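Just below is one structure, and these are the notes that go with it.
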Amino acid sequence: TLFDQSGRSVQVTLWQALASEQGAELDKLQGDLPVVALQGVRVNDFNGVSLSTVSRSTITVNPSEEDVPQAKLLREWFATQGGKTDFEHTGAGLANNGRTSLGGMGGSQQRFTLAELRDKPVPPAGTKPEYVNAYAYVSTINPEQAMYYMAAPDGTNKKVVQEGDKYFCEATQKTHDSFIRRYVMRSEVMDHTGRLIVNVFNDQAEQILGCTADELAAAKEKGTAFDSILRDAALGEPFTFRIMCKPEEYNGQTRLRYAVQNLKPVDYVQQSAWLAAEIGKMIPVKSE
């Protein structure tokens with residue numbers, strides 16, 4: 001943990017050679033409260049704000065004042081503030097933004113488990129949705145569902161219906177000579193806490209299935225079994241999901257609907273840093 005004359009602290013995770021070399025040096029010097037200069041580190045949103053090293057990062061322990069002029073100001077400040085080392089974390093308050101209610105405007109960068117999403121209190125219908133992150137796997141896609149719809153080819157993505165050899169869009173009142181298929185499907189995702197049904201739309205479904213809706217329809221017409229398509233899909237692959245939690249009323253009952261807004265393959269450097277931070281929380285702090 002580092003702090004400076006701003007009166008705030010931040011947690012830094014060291015990796016690879018920096019962890020074994022400079023990290024070991026810092027471990028020996030921690031009682032002396034050395035000055036540390038970091039360059040080229042990555043800013044993460046773990047615990048609100050945290051730092052981690054990457055391949056280009058450099059760390060200098062007790063740099064000279066000629067090389068790092070700020071080091072003199074930092075030493076002078078520390079000498080006059082009474083030796084205090086317990087400072088508020090610079091990310092204080094950020095990690096919980098958006099967890100207080102579903103009406104959070106900015107959304108939450110905090111990672112949720114699927115059990116936490118399922119157990120969220122359901123606010124009244126019409127409450128603004130909340131956007132949260134989750135680390136999960138795509139576990140099941142039901143092949144019996146209607147997985148796509150016919151859409152206008154003009155980029156509006158509006159639904160069309162066939163009228164003779166033309167395709168009419170009621171939303172735009174336009175008739176088209178052709179159409180494209182776009183995914184809108186339901187999928188089951190899972191993590192270590194359980195499972196959750198989410199709605200998945202076109203761009204994210206293409207990432208999961210590895211083909212467009214038109215390509216899937218063509219494969220079905222050729223007699224290709226859906227199970228065969230799923231074998232090449234990203235089932236069982238971990239993703240970082242951005243999920244919208246939106247309260248909707250149906251038959252007089254309000255429920256949360258979960259929809260995938262974005263998904264990305266797991267960044268294992270960030271995942272490892274998050275795991276290290278979580279493990280660190282479980283280690284008792286030694287009393288002086």
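A note on labels: chains of the structure tokens are A, B, ... as shown, every chain counts residues from 1, and ligands are counted from 1 in their shown order.
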All strand (DSSP E) residues (DSSP, backbone) inside range 65-269 of chain A, as a PyMOL selection string: chain A and resi 88-89+111-112+130-141+148-151+161-163+166-169+174-176+180-191+194-201+238-250+253-265
Long-range neighbours of Ile208 in chain A as a list of chain:residue names, 10 Å cut-off, only C-alpha atoms, 4 positions minimum in chain: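 The contact residues come out as A:Val138, A:Val200, A:Asn202, A:Asp203, A:Gln204, A:Leu230, A:Asp232, A:Ala233, A:Ala234, A:Leu235, A:Glu237, A:Phe239, A:Leu263.
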Written selection (all heavy atoms) as a short mmCIF file (atom, residue, chain, number, x, y, z; two decimals), in the first residue's frame:
data_model
loop_
_atom_site.label_atom_id
_atom_site.label_comp_id
_atom_site.auth_asym_id
_atom_site.auth_seq_id
_atom_site.Cartn_x
_atom_site.Cartn_y
_atom_site.Cartn_z
N VAL A 138 -20.75 -19.21 -20.14
CA VAL A 138 -21.98 -19.57 -20.82
C VAL A 138 -22.15 -21.08 -20.70
O VAL A 138 -21.29 -21.84 -21.15
CB VAL A 138 -21.94 -19.16 -22.31
CG1 VAL A 138 -23.24 -19.54 -23.00
CG2 VAL A 138 -21.70 -17.66 -22.44
N VAL A 200 -29.59 -12.29 -24.48
CA VAL A 200 -28.38 -12.01 -25.25
C VAL A 200 -28.79 -11.50 -26.62
O VAL A 200 -29.63 -12.12 -27.30
CB VAL A 200 -27.50 -13.26 -25.40
CG1 VAL A 200 -26.20 -12.92 -26.12
CG2 VAL A 200 -27.20 -13.89 -24.05
N ASN A 202 -27.65 -9.46 -30.52
CA ASN A 202 -26.94 -9.91 -31.71
C ASN A 202 -25.42 -9.95 -31.59
O ASN A 202 -24.79 -10.98 -31.82
CB ASN A 202 -27.33 -9.03 -32.90
CG ASN A 202 -26.82 -9.57 -34.22
OD1 ASN A 202 -27.31 -10.57 -34.72
ND2 ASN A 202 -25.82 -8.92 -34.78
N ASP A 203 -24.80 -8.81 -31.25
CA ASP A 203 -23.33 -8.75 -31.26
C ASP A 203 -22.73 -9.73 -30.26
O ASP A 203 -21.72 -10.39 -30.55
CB ASP A 203 -22.87 -7.32 -30.96
CG ASP A 203 -23.25 -6.35 -32.06
OD1 ASP A 203 -23.67 -6.81 -33.14
OD2 ASP A 203 -23.13 -5.13 -31.84
N GLN A 204 -23.34 -9.82 -29.08
CA GLN A 204 -22.81 -10.72 -28.06
C GLN A 204 -23.07 -12.18 -28.42
O GLN A 204 -22.24 -13.05 -28.17
CB GLN A 204 -23.42 -10.39 -26.69
CG GLN A 204 -22.99 -9.04 -26.12
CD GLN A 204 -23.59 -7.86 -26.84
OE1 GLN A 204 -24.78 -7.86 -27.16
NE2 GLN A 204 -22.78 -6.84 -27.10
N LEU A 230 -22.90 -25.90 -31.42
CA LEU A 230 -22.53 -25.56 -30.06
C LEU A 230 -21.15 -26.09 -29.69
O LEU A 230 -20.46 -25.51 -28.85
CB LEU A 230 -23.57 -26.09 -29.07
CG LEU A 230 -24.91 -25.36 -29.00
CD1 LEU A 230 -25.78 -25.97 -27.92
CD2 LEU A 230 -24.71 -23.88 -28.75
N ASP A 232 -18.58 -25.95 -31.39
CA ASP A 232 -17.60 -24.95 -31.82
C ASP A 232 -17.83 -23.60 -31.15
O ASP A 232 -17.09 -22.65 -31.42
CB ASP A 232 -17.66 -24.78 -33.35
CG ASP A 232 -17.27 -26.06 -34.08
OD1 ASP A 232 -16.41 -26.79 -33.54
OD2 ASP A 232 -17.83 -26.32 -35.16
N ALA A 233 -18.87 -23.48 -30.34
CA ALA A 233 -19.18 -22.22 -29.69
C ALA A 233 -18.37 -22.06 -28.41
O ALA A 233 -17.65 -22.97 -27.99
CB ALA A 233 -20.68 -22.14 -29.39
N ALA A 234 -18.51 -20.89 -27.81
CA ALA A 234 -17.71 -20.56 -26.63
C ALA A 234 -18.39 -21.00 -25.34
O ALA A 234 -18.31 -20.32 -24.32
CB ALA A 234 -17.45 -19.06 -26.59
N LEU A 235 -19.06 -22.16 -25.37
CA LEU A 235 -19.65 -22.69 -24.14
C LEU A 235 -18.52 -23.13 -23.21
O LEU A 235 -17.56 -23.77 -23.64
CB LEU A 235 -20.57 -23.86 -24.44
CG LEU A 235 -21.83 -23.56 -25.26
CD1 LEU A 235 -22.72 -24.78 -25.32
CD2 LEU A 235 -22.59 -22.37 -24.70
N GLU A 237 -16.47 -21.18 -21.83
CA GLU A 237 -15.39 -20.19 -21.83
C GLU A 237 -15.74 -19.07 -20.87
O GLU A 237 -16.88 -18.60 -20.84
CB GLU A 237 -15.18 -19.63 -23.24
CG GLU A 237 -14.69 -20.64 -24.26
CD GLU A 237 -13.26 -21.07 -23.98
OE1 GLU A 237 -12.49 -20.26 -23.43
OE2 GLU A 237 -12.93 -22.23 -24.28
N PHE A 239 -16.06 -15.33 -19.47
CA PHE A 239 -16.18 -13.97 -20.00
C PHE A 239 -16.40 -13.00 -18.84
O PHE A 239 -16.92 -13.38 -17.78
CB PHE A 239 -17.38 -13.85 -20.95
CG PHE A 239 -17.20 -14.52 -22.28
CD1 PHE A 239 -17.74 -15.78 -22.51
CD2 PHE A 239 -16.51 -13.90 -23.30
CE1 PHE A 239 -17.61 -16.41 -23.73
CE2 PHE A 239 -16.35 -14.52 -24.53
CZ PHE A 239 -16.90 -15.77 -24.75
N LEU A 263 -19.72 -8.23 -23.55
CA LEU A 263 -18.92 -9.30 -22.96
C LEU A 263 -17.54 -9.28 -23.58
O LEU A 263 -17.37 -8.93 -24.75
CB LEU A 263 -19.60 -10.66 -23.10
CG LEU A 263 -19.90 -11.24 -24.48
CD1 LEU A 263 -18.68 -11.97 -25.04
CD2 LEU A 263 -21.05 -12.22 -24.40
#
Near Ala205 in chain A, within 8 Å and counting only C-alpha atoms, which residues show up once chain neighbours fewer than 4 positions away are dropped, as a PyMOL selection string? chain A and resi 183-185+200-201+209-210
Convert the current residue selection to file output with N, CA, C and O atoms, as a PDB file, in the first residue's frame.
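Contents of out02.pdb, as written:
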ATOM      1  N   TYR A 183     -29.769 -11.957 -33.952  1.00  0.00           N
ATOM      2  CA  TYR A 183     -30.008 -12.757 -32.754  1.00  0.00           C
ATOM      3  C   TYR A 183     -30.773 -11.968 -31.687  1.00  0.00           C
ATOM      4  O   TYR A 183     -30.552 -10.774 -31.482  1.00  0.00           O
ATOM      5  N   VAL A 184     -31.663 -12.637 -31.018  1.00  0.00           N
ATOM      6  CA  VAL A 184     -32.196 -12.224 -29.730  1.00  0.00           C
ATOM      7  C   VAL A 184     -32.594 -13.515 -29.031  1.00  0.00           C
ATOM      8  O   VAL A 184     -33.549 -14.173 -29.406  1.00  0.00           O
ATOM      9  N   MET A 185     -31.828 -13.915 -28.038  1.00  0.00           N
ATOM     10  CA  MET A 185     -32.014 -15.242 -27.461  1.00  0.00           C
ATOM     11  C   MET A 185     -31.794 -15.191 -25.956  1.00  0.00           C
ATOM     12  O   MET A 185     -31.334 -14.191 -25.394  1.00  0.00           O
ATOM     13  N   VAL A 200     -29.589 -12.294 -24.483  1.00  0.00           N
ATOM     14  CA  VAL A 200     -28.378 -12.009 -25.249  1.00  0.00           C
ATOM     15  C   VAL A 200     -28.793 -11.497 -26.624  1.00  0.00           C
ATOM     16  O   VAL A 200     -29.631 -12.115 -27.295  1.00  0.00           O
ATOM     17  N   PHE A 201     -28.192 -10.386 -27.036  1.00  0.00           N
ATOM     18  CA  PHE A 201     -28.548  -9.779 -28.315  1.00  0.00           C
ATOM     19  C   PHE A 201     -27.478 -10.060 -29.368  1.00  0.00           C
ATOM     20  O   PHE A 201     -26.532 -10.794 -29.126  1.00  0.00           O
ATOM     21  N   LEU A 209     -21.506 -17.723 -30.225  1.00  0.00           N
ATOM     22  CA  LEU A 209     -21.752 -18.815 -31.166  1.00  0.00           C
ATOM     23  C   LEU A 209     -20.718 -18.897 -32.278  1.00  0.00           C
ATOM     24  O   LEU A 209     -20.574 -19.942 -32.919  1.00  0.00           O
ATOM     25  N   GLY A 210     -20.024 -17.791 -32.534  1.00  0.00           N
ATOM     26  CA  GLY A 210     -18.999 -17.811 -33.563  1.00  0.00           C
ATOM     27  C   GLY A 210     -19.533 -17.742 -34.975  1.00  0.00           C
ATOM     28  O   GLY A 210     -18.805 -18.058 -35.931  1.00  0.00           O
TER      29      GLY A 210
END
Where does range 168-267 of chain A meet range 143-160 of chain A within 8 Å, residue by residue, with the nearest atom pair and distance in Å to one decimal for each, counting only C-alpha atoms, listed by chain and rising number, as a tab-separated table?
residue	atom	partner	partner_atom	distance
A:Phe168	CA	A:Val160	CA	5.1
A:Cys169	CA	A:Val160	CA	4.4
A:Glu170	CA	A:Val160	CA	7.0
A:Ala171	CA	A:Lys158	CA	6.8
A:Thr172	CA	A:Lys158	CA	8.0
A:His176	CA	A:Ala152	CA	7.1
A:Ser178	CA	A:Pro153	CA	6.9
A:Phe179	CA	A:Pro153	CA	5.2
A:Ile180	CA	A:Ala151	CA	5.3
A:Arg181	CA	A:Met150	CA	4.8
A:Arg182	CA	A:Tyr148	CA	5.2
A:Tyr183	CA	A:Tyr148	CA	4.1
A:Val184	CA	A:Tyr148	CA	5.2
A:Met185	CA	A:Met147	CA	4.8
A:Arg186	CA	A:Met147	CA	7.8
A:Ala213	CA	A:Tyr148	CA	6.5
A:Phe226	CA	A:Pro143	CA	6.7
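The residue set within 12 Å of Gln30 in chain A, counting only C-alpha atoms and dropping same-chain residues fewer than 3 places from it, reads Thr1, Leu2, Gln22, Gly23, Ala24, Glu25, Leu26, Asp27, Leu33, Pro34, Val35, Val36, Val61, Asn62 and Thr85 of chain A.
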Atoms to include: N, CA and C atoms. Write the selected residues as a PDB file, in the first residue's frame.
ATOM      1  N   THR A   1       0.843  -1.193   0.000  1.00  0.00           N
ATOM      2  CA  THR A   1       0.000   0.000   0.000  1.00  0.00           C
ATOM      3  C   THR A   1       0.876   1.240   0.000  1.00  0.00           C
ATOM      4  N   LEU A   2       0.567   2.195  -0.880  1.00  0.00           N
ATOM      5  CA  LEU A   2       1.321   3.437  -0.991  1.00  0.00           C
ATOM      6  C   LEU A   2       0.461   4.613  -0.560  1.00  0.00           C
ATOM      7  N   GLN A  22      12.090  -6.081  -6.869  1.00  0.00           N
ATOM      8  CA  GLN A  22      11.728  -4.887  -6.101  1.00  0.00           C
ATOM      9  C   GLN A  22      10.753  -5.216  -4.975  1.00  0.00           C
ATOM     10  N   GLY A  23       9.871  -6.194  -5.214  1.00  0.00           N
ATOM     11  CA  GLY A  23       8.929  -6.581  -4.177  1.00  0.00           C
ATOM     12  C   GLY A  23       9.648  -7.132  -2.954  1.00  0.00           C
ATOM     13  N   ALA A  24      10.648  -7.956  -3.195  1.00  0.00           N
ATOM     14  CA  ALA A  24      11.423  -8.508  -2.080  1.00  0.00           C
ATOM     15  C   ALA A  24      12.187  -7.415  -1.352  1.00  0.00           C
ATOM     16  N   GLU A  25      12.714  -6.454  -2.103  1.00  0.00           N
ATOM     17  CA  GLU A  25      13.433  -5.332  -1.482  1.00  0.00           C
ATOM     18  C   GLU A  25      12.505  -4.496  -0.621  1.00  0.00           C
ATOM     19  N   LEU A  26      11.298  -4.242  -1.129  1.00  0.00           N
ATOM     20  CA  LEU A  26      10.322  -3.458  -0.361  1.00  0.00           C
ATOM     21  C   LEU A  26       9.895  -4.193   0.894  1.00  0.00           C
ATOM     22  N   ASP A  27       9.791  -5.509   0.791  1.00  0.00           N
ATOM     23  CA  ASP A  27       9.395  -6.295   1.956  1.00  0.00           C
ATOM     24  C   ASP A  27      10.411  -6.144   3.088  1.00  0.00           C
ATOM     25  N   LEU A  33       9.721   2.558   5.839  1.00  0.00           N
ATOM     26  CA  LEU A  33       8.821   3.394   5.022  1.00  0.00           C
ATOM     27  C   LEU A  33       9.572   4.064   3.873  1.00  0.00           C
ATOM     28  N   PRO A  34      10.082   3.273   2.930  1.00  0.00           N
ATOM     29  CA  PRO A  34      10.855   3.846   1.819  1.00  0.00           C
ATOM     30  C   PRO A  34       9.975   4.634   0.861  1.00  0.00           C
ATOM     31  N   VAL A  35      10.606   5.553   0.135  1.00  0.00           N
ATOM     32  CA  VAL A  35       9.937   6.270  -0.952  1.00  0.00           C
ATOM     33  C   VAL A  35      10.007   5.391  -2.204  1.00  0.00           C
ATOM     34  N   VAL A  36       8.903   5.331  -2.936  1.00  0.00           N
ATOM     35  CA  VAL A  36       8.836   4.490  -4.133  1.00  0.00           C
ATOM     36  C   VAL A  36       8.341   5.327  -5.306  1.00  0.00           C
ATOM     37  N   VAL A  61      13.121   2.191  -5.881  1.00  0.00           N
ATOM     38  CA  VAL A  61      13.007   2.279  -4.427  1.00  0.00           C
ATOM     39  C   VAL A  61      14.006   3.312  -3.917  1.00  0.00           C
ATOM     40  N   ASN A  62      13.527   4.253  -3.108  1.00  0.00           N
ATOM     41  CA  ASN A  62      14.339   5.350  -2.574  1.00  0.00           C
ATOM     42  C   ASN A  62      15.126   6.065  -3.672  1.00  0.00           C
ATOM     43  N   THR A  85       0.582   6.829   9.020  1.00  0.00           N
ATOM     44  CA  THR A  85       0.648   5.929   7.860  1.00  0.00           C
ATOM     45  C   THR A  85      -0.714   5.355   7.486  1.00  0.00           C
TER      46      THR A  85
END
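Minimum atom-to-atom distances from A:Ile229, A:Ala115, A:Ala125, A:Ala259 to His192 in chain A were compared using only C-alpha atoms, and the lowest value belongs to A:Ala115.
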To one decimal place in Å, what is the distance between CA of Gln5 in chain A and CA of Lys281 in chain A?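 We find that CA of Gln5 in chain A and CA of Lys281 in chain A lie 25.4 Å from each other.
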